[in-house]
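Enquirer: Dropping in protein-v5.cif, which is mmCIF, C-alpha atoms and all ligand atoms:
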```cif
data_model
loop_
_atom_site.label_atom_id
_atom_site.label_comp_id
_atom_site.auth_asym_id
_atom_site.auth_seq_id
_atom_site.Cartn_x
_atom_site.Cartn_y
_atom_site.Cartn_z
CA MET A 1 -1.36 41.16 -56.97
CA LYS A 2 -3.77 43.12 -54.87
CA TYR A 3 -5.08 40.30 -52.68
CA ASP A 4 -3.81 37.06 -51.21
CA TYR A 5 -7.20 35.40 -51.62
CA LEU A 6 -10.15 36.02 -53.87
CA ILE A 7 -13.08 34.23 -52.27
CA VAL A 8 -15.92 33.48 -54.63
CA GLY A 9 -19.12 33.14 -52.61
CA ALA A 10 -20.00 34.89 -49.36
CA GLY A 11 -21.76 31.88 -47.82
CA LEU A 12 -20.68 30.09 -44.70
CA TYR A 13 -17.62 28.39 -46.23
CA GLY A 14 -16.35 31.55 -47.89
CA SER A 15 -17.01 33.66 -44.80
CA VAL A 16 -15.21 31.29 -42.42
CA PHE A 17 -12.29 30.94 -44.81
CA ALA A 18 -12.07 34.72 -45.28
CA HIS A 19 -12.24 35.33 -41.54
CA GLU A 20 -9.46 32.87 -40.77
CA ALA A 21 -7.23 34.04 -43.59
CA ASN A 22 -7.75 37.66 -42.56
CA LYS A 23 -6.82 36.73 -38.99
CA ARG A 24 -3.55 35.38 -40.40
CA ASN A 25 -2.89 38.77 -41.99
CA LYS A 26 -3.88 37.75 -45.48
CA LYS A 27 -5.68 40.24 -47.61
CA CYS A 28 -9.01 38.90 -48.87
CA LEU A 29 -11.64 40.00 -51.33
CA VAL A 30 -15.00 38.23 -51.11
CA ILE A 31 -17.39 38.45 -54.05
CA ASP A 32 -20.91 37.12 -54.42
CA LYS A 33 -23.31 37.22 -57.32
CA ARG A 34 -26.32 37.65 -55.04
CA ASN A 35 -27.23 41.06 -53.66
CA HIS A 36 -26.41 40.02 -50.11
CA LYS A 37 -23.86 38.16 -48.02
CA GLY A 38 -24.53 34.87 -46.21
CA GLY A 39 -25.38 32.51 -49.07
CA ASN A 40 -28.24 30.24 -48.08
CA VAL A 41 -28.15 31.19 -44.39
CA PHE A 42 -29.16 34.76 -45.23
CA CYS A 43 -32.24 36.07 -43.40
CA GLU A 44 -34.48 38.95 -44.36
CA ASN A 45 -35.94 40.93 -41.50
CA VAL A 46 -39.67 41.43 -41.93
CA GLU A 47 -40.68 43.78 -39.13
CA GLY A 48 -38.78 41.94 -36.44
CA ILE A 49 -39.11 38.42 -37.87
CA ASN A 50 -35.98 36.89 -39.37
CA VAL A 51 -37.15 35.12 -42.50
CA HIS A 52 -34.89 32.26 -43.58
CA LYS A 53 -34.89 33.19 -47.26
CA TYR A 54 -33.43 29.91 -48.49
CA GLY A 55 -35.16 27.45 -46.20
CA ALA A 56 -34.98 26.59 -42.52
CA HIS A 57 -31.50 26.66 -41.00
CA ILE A 58 -31.11 25.21 -37.54
CA PHE A 59 -27.61 25.08 -36.22
CA HIS A 60 -26.55 21.91 -34.43
CA THR A 61 -23.30 20.18 -33.61
CA ASN A 62 -21.83 17.60 -31.31
CA ASP A 63 -18.38 19.05 -31.48
CA ASP A 64 -17.24 21.10 -28.46
CA GLU A 65 -14.55 22.90 -30.39
CA LEU A 66 -16.87 23.86 -33.22
CA TRP A 67 -19.50 25.08 -30.76
CA ARG A 68 -16.88 27.25 -29.05
CA TYR A 69 -15.83 28.51 -32.45
CA VAL A 70 -19.27 29.80 -33.47
CA ASN A 71 -19.94 31.17 -29.98
CA GLN A 72 -17.06 33.61 -30.43
CA PHE A 73 -19.27 35.41 -32.90
CA VAL A 74 -22.85 34.86 -31.76
CA THR A 75 -24.87 33.62 -28.85
CA PHE A 76 -27.45 30.97 -29.64
CA ASN A 77 -30.98 30.75 -28.31
CA ASN A 78 -32.39 27.50 -26.95
CA PHE A 79 -34.52 26.57 -29.96
CA VAL A 80 -34.96 22.83 -30.31
CA ASN A 81 -36.10 21.47 -33.63
CA SER A 82 -39.21 19.33 -33.11
CA PRO A 83 -40.96 19.19 -36.46
CA ILE A 84 -44.54 18.00 -36.82
CA ALA A 85 -45.61 15.83 -39.75
CA THR A 86 -49.10 15.89 -41.23
CA ALA A 87 -50.07 12.69 -43.01
CA LYS A 88 -53.43 11.22 -44.02
CA GLY A 89 -55.26 13.84 -41.97
CA LYS A 90 -53.34 13.25 -38.73
CA LEU A 91 -50.44 14.92 -36.95
CA TYR A 92 -47.31 13.02 -35.94
CA ASN A 93 -44.24 13.95 -33.98
CA LEU A 94 -40.84 13.68 -35.62
CA PRO A 95 -38.26 12.26 -35.53
CA PHE A 96 -39.64 8.74 -35.25
CA ASN A 97 -39.96 8.21 -31.51
CA MET A 98 -42.31 6.84 -28.87
CA ASN A 99 -44.78 9.68 -29.50
CA THR A 100 -44.90 8.84 -33.22
CA PHE A 101 -45.35 5.13 -32.49
CA TYR A 102 -48.21 5.89 -30.11
CA GLN A 103 -49.85 8.13 -32.71
CA LEU A 104 -49.50 5.41 -35.37
CA TRP A 105 -50.32 2.24 -33.46
CA GLY A 106 -51.28 3.15 -29.90
CA THR A 107 -48.17 1.37 -28.56
CA LYS A 108 -47.33 2.66 -25.08
CA THR A 109 -44.00 1.06 -24.13
CA PRO A 110 -40.68 0.68 -25.94
CA GLU A 111 -41.20 -3.07 -25.85
CA GLU A 112 -44.53 -2.84 -27.66
CA ALA A 113 -43.15 -0.39 -30.22
CA LYS A 114 -40.04 -2.47 -30.86
CA ALA A 115 -42.12 -5.61 -31.30
CA LYS A 116 -44.31 -3.82 -33.86
CA ILE A 117 -41.38 -2.42 -35.82
CA ASN A 118 -39.34 -5.60 -35.65
CA SER A 119 -42.18 -7.76 -36.93
CA GLN A 120 -42.52 -5.40 -39.92
CA ILE A 121 -38.79 -5.35 -40.51
CA GLN A 122 -38.71 -9.14 -40.44
CA GLU A 123 -41.61 -9.42 -42.85
CA PHE A 124 -40.60 -6.75 -45.35
CA GLY A 125 -36.98 -5.75 -44.64
CA THR A 126 -33.73 -6.94 -46.19
CA ASP A 127 -30.21 -7.47 -44.84
CA ASN A 128 -28.54 -5.61 -47.67
CA PRO A 129 -30.66 -2.59 -48.56
CA SER A 130 -29.71 -1.29 -51.98
CA ASN A 131 -31.96 1.74 -52.22
CA LEU A 132 -33.84 4.19 -50.03
CA GLU A 133 -37.08 2.18 -49.92
CA GLU A 134 -35.32 -0.99 -48.77
CA GLN A 135 -33.21 0.97 -46.32
CA ALA A 136 -36.21 2.74 -44.79
CA ILE A 137 -38.30 -0.41 -44.42
CA SER A 138 -35.33 -2.22 -42.90
CA LEU A 139 -34.93 0.60 -40.38
CA VAL A 140 -38.50 1.40 -39.36
CA GLY A 141 -40.85 -1.12 -41.02
CA LYS A 142 -43.59 -0.69 -43.56
CA ASP A 143 -46.19 1.47 -41.75
CA ILE A 144 -43.84 4.33 -41.00
CA TYR A 145 -42.34 4.08 -44.45
CA GLU A 146 -45.72 4.29 -46.15
CA THR A 147 -47.20 6.98 -43.90
CA LEU A 148 -44.29 9.32 -43.28
CA ILE A 149 -41.45 8.58 -45.68
CA LYS A 150 -42.41 7.35 -49.14
CA GLU A 151 -44.51 10.23 -50.48
CA TYR A 152 -42.46 12.93 -48.73
CA THR A 153 -39.22 11.56 -50.08
CA GLU A 154 -40.50 11.03 -53.61
CA LYS A 155 -41.73 14.61 -53.89
CA GLN A 156 -38.62 15.96 -52.18
CA TRP A 157 -36.31 14.25 -54.64
CA GLY A 158 -38.57 13.89 -57.68
CA LYS A 159 -37.56 10.25 -57.98
CA LYS A 160 -38.96 6.91 -56.93
CA ALA A 161 -37.73 5.79 -53.52
CA THR A 162 -36.41 2.64 -55.20
CA ASP A 163 -34.17 4.83 -57.39
CA LEU A 164 -32.71 6.86 -54.53
CA PRO A 165 -29.54 6.12 -52.57
CA SER A 166 -30.13 4.77 -49.08
CA PHE A 167 -27.83 7.22 -47.30
CA ILE A 168 -30.46 10.01 -47.48
CA ILE A 169 -32.66 8.22 -45.00
CA LYS A 170 -29.83 7.53 -42.56
CA ARG A 171 -30.19 11.18 -41.64
CA LEU A 172 -33.53 10.34 -39.98
CA PRO A 173 -33.13 9.32 -36.34
CA VAL A 174 -35.27 6.57 -34.75
CA ARG A 175 -35.55 6.30 -30.99
CA PHE A 176 -37.48 4.51 -28.31
CA THR A 177 -37.89 7.42 -25.91
CA PHE A 178 -40.55 10.14 -25.86
CA ASP A 179 -38.14 12.62 -27.34
CA ASN A 180 -39.17 14.96 -30.17
CA ASN A 181 -35.78 16.61 -30.48
CA TYR A 182 -34.87 16.05 -34.14
CA PHE A 183 -31.13 16.34 -33.69
CA LYS A 184 -29.20 14.12 -31.33
CA ASP A 185 -26.42 16.68 -31.04
CA LYS A 186 -25.21 18.16 -27.79
CA TYR A 187 -25.63 21.74 -29.02
CA GLN A 188 -28.36 23.37 -31.05
CA GLY A 189 -30.02 26.74 -31.55
CA ILE A 190 -30.52 29.79 -33.71
CA PRO A 191 -28.09 32.72 -33.46
CA ILE A 192 -29.67 35.49 -31.41
CA GLY A 193 -30.41 38.26 -33.89
CA GLY A 194 -30.32 35.76 -36.78
CA TYR A 195 -27.67 34.31 -39.07
CA ASN A 196 -26.76 37.66 -40.60
CA VAL A 197 -25.10 38.60 -37.31
CA LEU A 198 -22.83 35.55 -37.61
CA ILE A 199 -21.92 36.35 -41.21
CA ASP A 200 -21.34 40.05 -40.45
CA LYS A 201 -19.02 39.16 -37.59
CA LEU A 202 -17.09 36.68 -39.71
CA LEU A 203 -16.66 39.22 -42.49
CA GLU A 204 -15.89 42.19 -40.26
CA GLY A 205 -12.98 44.19 -41.69
CA ILE A 206 -12.97 42.24 -44.96
CA GLU A 207 -13.77 43.70 -48.35
CA VAL A 208 -16.97 42.19 -49.71
CA ARG A 209 -18.58 42.99 -53.05
CA THR A 210 -22.09 41.75 -53.75
CA ASN A 211 -23.89 41.68 -57.12
CA VAL A 212 -20.63 40.55 -58.66
CA ASP A 213 -20.60 37.56 -60.99
CA TYR A 214 -17.19 35.86 -61.04
CA PHE A 215 -17.88 34.24 -64.39
CA SER A 216 -18.70 37.57 -66.03
CA ASP A 217 -14.95 38.25 -66.11
CA LYS A 218 -13.17 35.27 -64.59
CA ASP A 219 -9.75 36.07 -66.00
CA ALA A 220 -9.75 39.61 -64.64
CA PHE A 221 -10.87 38.42 -61.21
CA ASP A 222 -8.22 35.71 -61.17
CA GLN A 223 -5.58 38.38 -61.77
CA LEU A 224 -6.53 40.08 -58.52
CA ALA A 225 -5.29 37.45 -56.11
CA ALA A 226 -2.58 34.87 -55.60
CA LYS A 227 -5.18 32.23 -54.79
CA VAL A 228 -8.87 31.70 -55.40
CA VAL A 229 -11.30 30.02 -53.01
CA PHE A 230 -14.20 28.88 -55.13
CA THR A 231 -17.43 27.94 -53.37
CA GLY A 232 -19.77 27.80 -56.36
CA LYS A 233 -20.68 24.81 -58.50
CA ILE A 234 -17.61 22.81 -59.42
CA ASP A 235 -19.12 21.75 -62.75
CA GLU A 236 -19.78 25.37 -63.69
CA TYR A 237 -16.16 26.24 -62.85
CA PHE A 238 -15.04 23.76 -65.49
CA ASN A 239 -17.63 24.88 -68.02
CA TYR A 240 -19.61 21.65 -67.58
CA CYS A 241 -16.91 19.79 -69.50
CA PHE A 242 -18.07 16.42 -68.16
CA GLU A 243 -21.75 17.43 -68.47
CA PRO A 244 -23.62 19.16 -65.65
CA LEU A 245 -23.95 17.49 -62.27
CA GLU A 246 -27.56 17.02 -61.17
CA TYR A 247 -29.13 18.95 -58.32
CA ARG A 248 -32.52 19.34 -56.74
CA SER A 249 -33.92 22.82 -56.68
CA LEU A 250 -36.42 24.54 -54.39
CA GLU A 251 -38.92 27.35 -54.68
CA PHE A 252 -40.16 29.32 -51.72
CA ASP A 253 -43.55 30.95 -51.42
CA THR A 254 -43.40 33.40 -48.54
CA GLN A 255 -46.45 35.18 -47.14
CA ARG A 256 -46.97 37.67 -44.38
CA LEU A 257 -50.17 37.00 -42.44
CA GLU A 258 -51.94 39.36 -40.09
CA ILE A 259 -52.36 36.73 -37.40
CA ASP A 260 -49.99 36.02 -34.56
CA ASN A 261 -49.70 32.25 -34.85
CA TYR A 262 -50.37 30.20 -37.97
CA GLN A 263 -49.23 26.68 -37.11
CA GLY A 264 -47.83 26.73 -33.59
CA ASN A 265 -44.47 25.30 -34.64
CA ALA A 266 -41.46 26.41 -36.68
CA VAL A 267 -41.58 23.44 -39.06
CA VAL A 268 -44.59 21.41 -40.18
CA ASN A 269 -43.97 18.75 -42.82
CA TYR A 270 -46.64 17.87 -45.36
CA ASN A 271 -45.95 14.24 -46.05
CA ASP A 272 -48.77 13.37 -48.47
CA LYS A 273 -48.22 13.68 -52.21
CA GLU A 274 -51.44 15.74 -52.62
CA PHE A 275 -49.54 18.73 -51.23
CA THR A 276 -46.92 19.85 -53.71
CA TYR A 277 -44.87 21.53 -50.97
CA THR A 278 -42.89 19.48 -48.48
CA ARG A 279 -43.13 21.80 -45.51
CA ILE A 280 -44.31 25.10 -44.12
CA ILE A 281 -41.92 27.13 -42.03
CA GLU A 282 -43.28 29.72 -39.60
CA HIS A 283 -40.19 31.81 -39.03
CA LYS A 284 -41.08 33.61 -35.80
CA HIS A 285 -41.06 30.34 -33.85
CA PHE A 286 -37.31 29.93 -34.44
CA GLU A 287 -36.84 32.91 -32.16
CA PHE A 288 -39.95 32.67 -29.96
CA GLY A 289 -41.31 35.84 -31.56
CA ASN A 290 -44.41 37.48 -30.13
CA GLN A 291 -45.20 39.92 -32.93
CA ALA A 292 -48.84 40.50 -33.90
CA HIS A 293 -48.10 39.32 -37.46
CA THR A 294 -46.41 36.21 -38.78
CA VAL A 295 -44.48 35.09 -41.88
CA ILE A 296 -44.78 31.62 -43.36
CA THR A 297 -42.93 29.95 -46.21
CA LYS A 298 -44.08 27.00 -48.26
CA GLU A 299 -41.15 25.02 -49.64
CA TYR A 300 -41.65 23.43 -53.05
CA PRO A 301 -39.07 20.96 -54.33
CA LYS A 302 -38.39 21.52 -58.02
CA ASP A 303 -36.60 19.83 -60.87
CA TRP A 304 -33.32 21.52 -61.48
CA ASP A 305 -31.95 22.92 -64.72
CA LEU A 306 -29.16 25.37 -65.44
CA SER A 307 -31.50 28.33 -64.99
CA LYS A 308 -32.42 27.35 -61.41
CA GLU A 309 -30.67 27.56 -58.03
CA ALA A 310 -28.86 24.37 -57.10
CA TYR A 311 -29.80 23.34 -53.56
CA TYR A 312 -29.27 19.64 -52.99
CA PRO A 313 -26.59 17.61 -54.75
CA ILE A 314 -27.90 14.29 -56.05
CA ASN A 315 -25.19 11.99 -54.81
CA ASP A 316 -26.20 8.88 -56.75
CA GLU A 317 -23.62 6.71 -58.50
CA VAL A 318 -23.79 8.44 -61.88
CA ASN A 319 -23.41 11.94 -60.43
CA GLN A 320 -20.82 10.88 -57.91
CA ALA A 321 -18.69 9.36 -60.67
CA LYS A 322 -19.04 12.58 -62.66
CA TYR A 323 -18.07 14.60 -59.61
CA GLU A 324 -14.90 12.51 -59.18
CA LEU A 325 -13.83 13.60 -62.68
CA TYR A 326 -14.34 17.24 -61.79
CA LYS A 327 -12.55 16.75 -58.49
CA GLU A 328 -9.53 15.26 -60.22
CA LYS A 329 -9.41 18.25 -62.53
CA ALA A 330 -9.70 20.56 -59.52
CA LEU A 331 -6.71 18.91 -57.86
CA SER A 332 -4.61 19.78 -60.88
CA ILE A 333 -4.97 23.52 -60.23
CA PRO A 334 -3.21 24.13 -56.94
CA ASN A 335 -3.94 27.84 -56.71
CA VAL A 336 -7.70 27.25 -56.54
CA ILE A 337 -9.34 25.85 -53.43
CA PHE A 338 -12.75 24.26 -53.91
CA GLY A 339 -14.95 24.20 -50.81
CA GLY A 340 -18.54 24.07 -49.60
CA ARG A 341 -21.75 22.31 -50.56
CA LEU A 342 -21.61 23.14 -54.25
CA ALA A 343 -17.87 22.94 -54.87
CA GLU A 344 -17.54 19.65 -52.96
CA TYR A 345 -20.90 18.36 -54.22
CA ARG A 346 -21.91 17.18 -50.75
CA TYR A 347 -25.08 17.30 -48.71
CA TYR A 348 -23.45 19.31 -45.94
CA ASP A 349 -25.06 20.77 -42.82
CA MET A 350 -23.84 24.14 -41.52
CA HIS A 351 -21.55 22.72 -38.85
CA GLN A 352 -19.94 20.44 -41.41
CA ILE A 353 -19.31 23.36 -43.76
CA ILE A 354 -17.61 25.31 -40.98
CA ALA A 355 -15.54 22.26 -39.99
CA SER A 356 -14.53 21.75 -43.60
CA ALA A 357 -13.43 25.38 -44.00
CA LEU A 358 -11.44 25.26 -40.76
CA LYS A 359 -9.75 22.04 -41.83
CA ARG A 360 -8.81 23.58 -45.15
CA ILE A 361 -7.37 26.61 -43.37
CA LYS A 362 -5.13 24.34 -41.31
CA THR A 363 -3.70 22.66 -44.41
CA GLU A 364 -3.39 25.95 -46.18
CA PHE A 365 -1.36 27.47 -43.37
CA ASN A 366 0.54 24.31 -42.46
CA GLU A 367 -0.92 24.17 -38.96
CA SER A 368 -1.45 20.86 -37.22
N1 LIG B 1 -37.88 12.52 -44.58
C1 LIG B 1 -39.08 11.83 -44.65
N2 LIG B 1 -40.17 12.29 -43.98
C2 LIG B 1 -40.11 13.44 -43.22
C3 LIG B 1 -38.89 14.14 -43.14
C4 LIG B 1 -37.80 13.68 -43.84
O1 LIG B 1 -39.17 10.82 -45.32
O2 LIG B 1 -41.15 13.81 -42.64
C5 LIG B 1 -36.71 12.00 -45.34
C6 LIG B 1 -36.63 12.55 -46.75
O3 LIG B 1 -36.14 11.50 -47.58
C7 LIG B 1 -35.60 13.65 -46.64
C8 LIG B 1 -34.65 13.09 -45.60
O4 LIG B 1 -35.50 12.38 -44.70
O5 LIG B 1 -34.96 13.87 -47.86
C9 LIG B 1 -33.87 14.16 -44.83
O6 LIG B 1 -34.77 15.10 -44.29
P1 LIG B 1 -34.33 16.39 -43.50
O7 LIG B 1 -35.58 17.16 -43.20
O8 LIG B 1 -33.47 15.97 -42.37
O9 LIG B 1 -33.40 17.13 -44.55
P2 LIG B 1 -33.27 18.64 -45.03
O10 LIG B 1 -34.08 18.73 -46.27
O11 LIG B 1 -33.79 19.50 -43.93
O12 LIG B 1 -31.81 18.81 -45.31
#
```
Take the structure in the file and give it back as structure tokens.
Expert:
Amino acid sequence: MKYDYLIVGAGLYGSVFAHEANKRNKKCLVIDKRNHKGGNVFCENVEGINVHKYGAHIFHTNDDELWRYVNQFVTFNNFVNSPIATAKGKLYNLPFNMNTFYQLWGTKTPEEAKAKINSQIQEFGTDNPSNLEEQAISLVGKDIYETLIKEYTEKQWGKKATDLPSFIIKRLPVRFTFDNNYFKDKYQGIPIGGYNVLIDKLLEGIEVRTNVDYFSDKDAFDQLAAKVVFTGKIDEYFNYCFEPLEYRSLEFDTQRLEIDNYQGNAVVNYNDKEFTYTRIIEHKHFEFGNQAHTVITKEYPKDWDLSKEAYYPINDEVNQAKYELYKEKALSIPNVIFGGRLAEYRYYDMHQIIASALKRIKTEFNES
């Protein structure tokens, strides 16, 4: 066989795996059906502005080792994610913090804000939240839920908040300091020069073929390597034999504007249901750009079907149970490694994907 590993998908998981295998003197071929490397972290340069083609990607991690790992390849700028929410005609700071509470209720001290939230939790909350609505109200009370969460979440997921799993909302931090930093992690930033630099460094010296669809000739591709690392949809790999898993899709409407500053922030959320997009990204602000033009992207959540890109896994009970069936099948083919957001059907952030690929490398090469 020509290669030790055929890696299907040149996203973050595939690129980290390929890099580490290559470092261990294994011969790798990476293929991707898109016309570029990088998967969803790919950026397109529009006259000096790195446009996050598949939605905003802000790197963050709490893990010293992981931070050191990525810093071998790129240096990060000091971007801090502090999204703004627009709701019912007003602007609010995110994540939910003392600034947000002041904007909502005029509360000025943590004590006042806690009293307000706690009284709402007591009145409307529950000890055992069984869905996202109950979970959100039990975390932040009714006002925040109704102003900033309910409509945003329902359009994001295309489902009623009472039909969504509660874990989604656990991603949203709540704090009683005047701190608009969305992520609590020790490290955060955007790679200087953009994410393509990171991907290019990871894949340096490795054969990569883009515009290549694995499923167009799976058997022939499988013949090329001793092992396959598959980072696409696990249900597609098995020909949807247990029925397709559900995903949420997105559509992006990107515009170049001949003004230097459209919204004054990288991310502005549109929380009301009247707007069919969830947020507008102004890409230059990720890298403190001072170009005369700007590029903005409206992000529209969309129902998913087999013809659309799968972005978010829907990890509810039905889909999770279906995934377990696929996973069991995957375990029965030892020469195929399934990894990444789509192959593991998990709502992963970038640092988690990298950690997962590095962990898999350790088992693969019997390292402790
Ligand atoms: N969310 C919300 N209001 C907001 C932002 C987020 O209710 O203004 C909820 C929503 O349910 C969303 C979840 O928090 O699905 C996670 O949002 P985040 O922006 O962290 O996720 P991303 O889509 O960037 O992965």
Enquirer: What lies within 9 Å of Asp143 of chain A using all atoms listed in the file, ignoring chain neighbours under 5 positions off, as a list in words?
Expert: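 Close residues of Asp143 of chain A: Leu104, Ile117, Gln120, Ile137 and Leu148 of chain A.
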Enquirer: Choose the residue, out of A:Asp185, A:Asp63, A:Glu123, A:Glu324, that has the smallest atom-to-atom separation from Val80 of chain A; count only C-alpha atoms.
Expert: A:Asp185
Enquirer: Please, which residues are within 12 Å of (-55.1, 34.0, -39.6) by the file's coordinates, counting all atoms listed in the file, and could they come as a list in words?
Expert: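 Taken together, the residues in range are Gln255, Arg256, Leu257, Glu258, Ile259, Asp260, Asn261, Tyr262, Gln263, Gly264, Ala292, His293, Thr294, Val295 and Ile296 of chain A.
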Enquirer: Rank A:Tyr277, A:Asn81, A:Tyr347, A:Tyr214 by their smallest atom-to-atom distance to Asn265 of chain A, using only C-alpha atoms, and report the top residue only.
Expert: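 Checking each of A:Tyr277, A:Asn81, A:Tyr347, A:Tyr214 against Asn265 of chain A, counting only C-alpha atoms, the winner is A:Asn81.
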Enquirer: What do you get as a list in words if you pick all residues at most 6 Å from ligand LIG 1 (chain B), counting all atoms listed in the file?
Expert: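 The residues within 6 Å of ligand LIG 1 (chain B), counting all atoms listed in the file, are Ala85, Leu148, Ile149, Tyr152, Thr153, Ile168, Ile169, Arg171, Leu172, Asn269 and Asn271 of chain A.
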Enquirer: Just checking: using all atoms listed in the file, which residue out of A:Lys142, A:Cys28, A:Arg341, A:Val267 ends up closest to Val229 of chain A?
Expert: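 Looking at the shortest contact to Val229 of chain A, the residue is A:Cys28.
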Enquirer: Enumerate, as a ChimeraX atom specification, the protein, DNA and RNA residues whose atoms approach (-22.1, 39.5, -44.5) to within 7 Å, taking into account all atoms listed in the file and the coordinate frame of the file.
Expert: /A:37-38,196,199-200,203
Enquirer: So what do you get for atom CA of Phe124 of chain A versus atom CA of Gly141 of chain A, distance-wise?
Expert: 7.1 Å
Enquirer: For a quick check of understanding, using all atoms listed in the file, which of A:Gly189, A:Leu94, A:Gln122, A:Lys150 has the smallest distance to Ser138 of chain A?
Expert: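 Distance minimum relative to Ser138 of chain A lands on A:Gln122.
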Enquirer: In Å to one decimal, how far is atom CA of Asn35 of chain A from atom CA of Arg360 of chain A?
Expert: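 Distance between the two atoms: 26.8 Å.
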Enquirer: In Å, rounded to a single decimal, give me how far atom CA of Ala321 of chain A is from atom CA of Ser307 of chain A.
Expert: 23.3 Å
Enquirer: For Asp305 of chain A, please output as an NGL selection string all residues within 9 Å (counting only C-alpha atoms; exclusion window: fewer than 6 positions along the same chain).
Expert: :A and (246-249)
Enquirer: I'd like to know which of A:Thr297, A:Thr210, A:Asn335, A:Asn181 is closest to Val51 of chain A, using all atoms listed in the file.
Expert: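 Checking each candidate against Val51 of chain A, we get A:Thr297 as the closest.
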Enquirer: Go through A:Arg175, A:Lys186, A:Lys160, A:Lys23 and flag the residue nearest Met98 of chain A, using only C-alpha atoms for the distances.
Expert: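 Nearest candidate to Met98 of chain A out of A:Arg175, A:Lys186, A:Lys160, A:Lys23: A:Arg175.
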Enquirer: Could you give me, as a Markdown table, every segment 14-67 of chain A residue with an atom at most 12 Å from segment 74-77 of chain A, plus its closest atom pair and distance in Å to one decimal, counting all atoms listed in the file, rows ordered by chain then number?
Expert:
```
| residue | atom | partner | partner_atom | distance |
| --- | --- | --- | --- | --- |
| A:Ile58 | CA | A:Phe76 | CA | 10.4 |
| A:Phe59 | CA | A:Phe76 | CA | 8.8 |
| A:His60 | CA | A:Phe76 | CA | 10.3 |
| A:Trp67 | CA | A:Phe76 | CA | 10.0 |
```
Enquirer: Please list as number ranges by chain every residue within 10 Å of Glu151 of chain A, counting all atoms listed in the file and excluding residues in the same chain fewer than 6 positions away.
Expert: A: 87, 145, 160-161, 270-275, 278
